[in-house]
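Everything on this sheet refers to the single structure shown next.
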Amino acid sequence: MQHFDLIIVGGGLAGASLAVALRDTRLRIALVEHQPPVRPAGWDARIYAISPSNVEFLETIGAWKHLDAARMAPIRGMSVLGDAGGKLAFSAFDTGVSELGWILESSLMACELWESAKRQANLSILCPARPAQLEFRHDAAHLHLADGAVLSARLLVAADGRDSWVRQAAGLAALNTPYGEKGLVANFACEKPHHNIAHQWFRDDGVLAYLPLPGNRISIVWSTPDEHADQLCALAPETLCDRVAEAGGHALGKLELLTPAAAFPLRLMRVPQTVAPRLALVGDAGHGIHPLSGHGINLGFQDARELAALLAATQPWHDIGDLRFLQRYQRARREETVLMQTTTDTLRRFFRASTPGLRPLRNIGLTLTDGLPFIKNALVRYALGAL
């Protein structure tokens, strides 16, 4: 039996950032992960938009300054186009900030957080390791690993993704609503400069986003019905480039494929209880949202930030696995998570609905919002501060 104060299952972005955020505490931490992150040879097709508040979080825990600036791109503005002429544009300059966020590869952040974790004195990394059995006692959680090792801790954190083994083993319900859509991702070189503007189109066949990468490169996320996504993935590279360029109105000219297209199923996932005695969920283990907002990992980083702040403020005699203590974390994160889930789900349904007369109404709404600077800037500032 190996004894710790805290066990984190899952060494992805949320789990690793939580561990690193606790580097200066007295807590003895175990991080359980089945495989370390790996940098691809070229560009990683899994891209995230990181909000300024989460850049600040990564700066605070010492990770941001070590990231390769040549592989990151700031978002200076955003253009949103409806399916019938509606327009909405956001500008960092008009909002009074230097950038609306940053676009960077998932593996870039994951590898840096992993390197930070390996240098951490109060952290034991168990990798490769897989959980096999979980039991909760009144004073500790006991985690049995597949290799026969047994770990105990006052608190166990599930950071093992949407299909969380820990969440299922603990019996916490997850309410899944499949969208019947897939998110197709790929990276492209573009003929015209993107000027660090992110583009988003609400189309009859889904939502298409162009996200700026360094140089004349972009990453795309095309949320589209399953059958259409499969058709796109099966296209020859040149044909796919033509389709993506056409869908984006040839805004950036001719495209050249840099990474093979991949698609993953989309679903809304609500978890009514993200804590239980001796257990807390962070990141995708505790929530899932539609990717049209690009803020999935931002919620995960904020989970880690909030839980780390609560744990760092405890005294040695505090029971960090006590349900009343953990409910403070759940209350602190619930409002933002529910708001983002509801907003993205409503937008997705609103633009996918085929009700007669709704198309002009939703496009008029976009254009009206664009003409109301106070409302538009309030939306941007909320996203900058809360996400």
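Identifiers for the structure tokens are assigned positionally: chains receive A, B, ... in sequence, residues are indexed from 1 per chain, and ligands are indexed from 1 in the order shown.
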
Which residues, written as JSON, numbers by chain, have at least one atom at most 12 Å from Ile50 of chain A, with only C-alpha atoms counted and residues fewer than 2 positions away on the same chain left out?
{"A": [47, 48, 52, 53, 54, 55, 56, 57, 58, 64, 72, 73, 74, 75, 99, 100, 101, 102, 103, 104, 105, 106, 109, 211, 293, 294, 295, 296, 297, 298, 299, 300, 301, 302, 383, 384, 385, 387]}

If we count only C-alpha atoms and set the cut-off at 9 Å, which residues sit around Val9 of chain A, ignoring sequence neighbours fewer than 3 positions away in its own chain? Please answer as a PyMOL selection string.
chain A and resi 15+30-33+130-131+156-160+166

Next, dump the selected residues to file, keeping only all heavy atoms, as a compact mmCIF listing (two decimals), in the first residue's frame.
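again.txt, written as the output of this step:
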# COMPACT_ATOMS: atom_id res chain seq x y z
N GLY A 15 -5.67 17.06 -15.75
CA GLY A 15 -5.02 16.37 -14.65
C GLY A 15 -3.60 16.84 -14.40
O GLY A 15 -3.20 17.08 -13.25
N ALA A 30 0.02 11.56 -6.23
CA ALA A 30 0.31 10.51 -7.21
C ALA A 30 -0.46 10.83 -8.48
O ALA A 30 -1.65 11.17 -8.44
CB ALA A 30 -0.10 9.14 -6.68
N LEU A 31 0.22 10.72 -9.62
CA LEU A 31 -0.42 10.93 -10.93
C LEU A 31 -0.38 9.60 -11.68
O LEU A 31 0.70 9.07 -11.96
CB LEU A 31 0.31 12.02 -11.72
CG LEU A 31 -0.24 12.35 -13.11
CD1 LEU A 31 -1.66 12.88 -13.02
CD2 LEU A 31 0.66 13.37 -13.81
N VAL A 32 -1.54 9.07 -12.01
CA VAL A 32 -1.66 7.76 -12.65
C VAL A 32 -2.05 7.97 -14.12
O VAL A 32 -3.09 8.58 -14.42
CB VAL A 32 -2.72 6.89 -11.95
CG1 VAL A 32 -2.89 5.56 -12.67
CG2 VAL A 32 -2.36 6.67 -10.49
N GLU A 33 -1.23 7.51 -15.03
CA GLU A 33 -1.47 7.71 -16.46
C GLU A 33 -0.96 6.49 -17.23
O GLU A 33 0.08 5.93 -16.91
CB GLU A 33 -0.76 8.98 -16.94
CG GLU A 33 -0.76 9.22 -18.43
CD GLU A 33 -2.15 9.25 -19.05
OE1 GLU A 33 -3.06 9.89 -18.47
OE2 GLU A 33 -2.33 8.62 -20.09
N ARG A 130 -2.55 1.51 -15.15
CA ARG A 130 -3.99 1.53 -15.41
C ARG A 130 -4.75 1.13 -14.14
O ARG A 130 -4.37 0.18 -13.46
CB ARG A 130 -4.37 0.57 -16.54
CG ARG A 130 -3.86 1.01 -17.91
CD ARG A 130 -4.33 0.05 -18.99
NE ARG A 130 -3.85 0.42 -20.30
CZ ARG A 130 -4.47 1.28 -21.11
NH1 ARG A 130 -5.61 1.84 -20.72
NH2 ARG A 130 -3.97 1.55 -22.31
N PRO A 131 -5.83 1.87 -13.83
CA PRO A 131 -6.64 1.49 -12.67
C PRO A 131 -7.43 0.22 -12.95
O PRO A 131 -7.86 -0.03 -14.08
CB PRO A 131 -7.58 2.69 -12.48
CG PRO A 131 -7.68 3.31 -13.85
CD PRO A 131 -6.35 3.07 -14.51
N LEU A 156 -9.34 11.37 -4.24
CA LEU A 156 -9.02 10.89 -5.57
C LEU A 156 -9.69 11.80 -6.58
O LEU A 156 -10.88 12.12 -6.45
CB LEU A 156 -9.49 9.45 -5.75
CG LEU A 156 -9.07 8.76 -7.05
CD1 LEU A 156 -8.76 7.29 -6.80
CD2 LEU A 156 -10.16 8.86 -8.11
N VAL A 157 -8.96 12.25 -7.58
CA VAL A 157 -9.48 13.14 -8.62
C VAL A 157 -9.52 12.39 -9.94
O VAL A 157 -8.52 11.82 -10.37
CB VAL A 157 -8.61 14.41 -8.77
CG1 VAL A 157 -9.05 15.22 -9.99
CG2 VAL A 157 -8.70 15.27 -7.52
N ALA A 158 -10.69 12.39 -10.55
CA ALA A 158 -10.86 11.78 -11.87
C ALA A 158 -10.60 12.83 -12.94
O ALA A 158 -11.34 13.81 -13.05
CB ALA A 158 -12.26 11.21 -12.02
N ALA A 159 -9.54 12.63 -13.72
CA ALA A 159 -9.22 13.51 -14.84
C ALA A 159 -8.98 12.66 -16.07
O ALA A 159 -8.13 12.96 -16.90
CB ALA A 159 -7.99 14.35 -14.51
N ASP A 160 -9.75 11.59 -16.18
CA ASP A 160 -9.51 10.58 -17.21
C ASP A 160 -10.50 10.62 -18.36
O ASP A 160 -10.83 9.60 -18.96
CB ASP A 160 -9.45 9.17 -16.59
CG ASP A 160 -10.65 8.84 -15.71
OD1 ASP A 160 -11.37 9.77 -15.30
OD2 ASP A 160 -10.86 7.65 -15.42
N VAL A 166 -12.94 6.13 -13.74
CA VAL A 166 -13.16 6.43 -12.31
C VAL A 166 -14.61 6.82 -12.07
O VAL A 166 -15.25 6.35 -11.11
CB VAL A 166 -12.22 7.57 -11.85
CG1 VAL A 166 -12.57 8.01 -10.43
CG2 VAL A 166 -10.77 7.12 -11.92

Taken to one decimal, the atom CA of His228 of chain A-atom CA of Ser164 of chain A distance is 28.4 Å

Extract, using only C-alpha atoms, all DNA, RNA and protein residues at most 12 Å from Thr25 of chain A, discarding same-chain residues fewer than 4 positions from it, and format them as a ChimeraX atom specification.
/A:5-6,18-21,29,120-123,308-316

Find the residue from A:Arg334, A:His34, A:Arg328, A:His142 that sits nearest to Ala170 of chain A; use only C-alpha atoms when measuring.
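So, comparing all the options, the nearest one is A:His142.
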
Looking at only C-alpha atoms, which of A:Leu208, A:Ala304, A:Ala245, A:Met78 is the one that sits closest to Thr224 of chain A?
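Using only C-alpha atoms, Thr224 of chain A sits closest to A:Leu208.
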
Surrounding residues of His250 of chain A excluding itself and chain neighbours under 6 positions, 12 Å, only C-alpha atoms, as a list in words:
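Here the qualifying residues turn out to be Cys190, Glu191, Lys192, His194, His199, Tyr210, Cys241, Asp242, Arg243 and Val244 of chain A.
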
With N, CA, C and O atoms retained, write the just-selected residues as a tab-separated table (two decimals), in the first residue's frame.
chain	number	residue	atom	x	y	z
A	190	CYS	N	-2.52	27.92	-46.22
A	190	CYS	CA	-3.46	28.74	-46.98
A	190	CYS	C	-2.73	29.73	-47.88
A	190	CYS	O	-1.64	30.21	-47.54
A	191	GLU	N	-3.35	30.03	-48.99
A	191	GLU	CA	-2.74	30.91	-49.99
A	191	GLU	C	-2.67	32.35	-49.50
A	191	GLU	O	-1.66	33.03	-49.72
A	192	LYS	N	-3.71	32.81	-48.82
A	192	LYS	CA	-3.77	34.19	-48.36
A	192	LYS	C	-3.49	34.27	-46.86
A	192	LYS	O	-3.79	33.33	-46.12
A	194	HIS	N	-4.02	35.01	-42.98
A	194	HIS	CA	-5.25	35.03	-42.17
A	194	HIS	C	-5.31	36.23	-41.24
A	194	HIS	O	-6.37	36.50	-40.64
A	199	HIS	N	-12.33	32.52	-38.14
A	199	HIS	CA	-13.58	32.60	-38.90
A	199	HIS	C	-14.50	31.46	-38.48
A	199	HIS	O	-14.04	30.34	-38.21
A	210	TYR	N	-12.38	28.25	-38.99
A	210	TYR	CA	-10.98	28.38	-39.36
A	210	TYR	C	-10.26	29.01	-38.18
A	210	TYR	O	-10.62	30.11	-37.76
A	241	CYS	N	-9.42	19.68	-49.75
A	241	CYS	CA	-8.98	21.08	-49.71
A	241	CYS	C	-9.96	21.98	-50.46
A	241	CYS	O	-10.31	23.07	-49.98
A	242	ASP	N	-10.41	21.50	-51.62
A	242	ASP	CA	-11.35	22.29	-52.41
A	242	ASP	C	-12.68	22.46	-51.66
A	242	ASP	O	-13.26	23.55	-51.65
A	243	ARG	N	-13.13	21.39	-51.01
A	243	ARG	CA	-14.41	21.45	-50.28
A	243	ARG	C	-14.31	22.43	-49.10
A	243	ARG	O	-15.23	23.21	-48.86
A	244	VAL	N	-13.22	22.35	-48.37
A	244	VAL	CA	-13.08	23.23	-47.20
A	244	VAL	C	-12.93	24.68	-47.63
A	244	VAL	O	-13.49	25.59	-47.01

Name the residues of segment 130-358 of chain A that fall into strand (DSSP E) according to DSSP on the backbone, using the chain letters and numbers of this document, as a ChimeraX atom specification.
/A:131-136,141-145,150-158,175-190,197-203,206-213,217-225,255-257,262-270,275-276,279-281,287-288
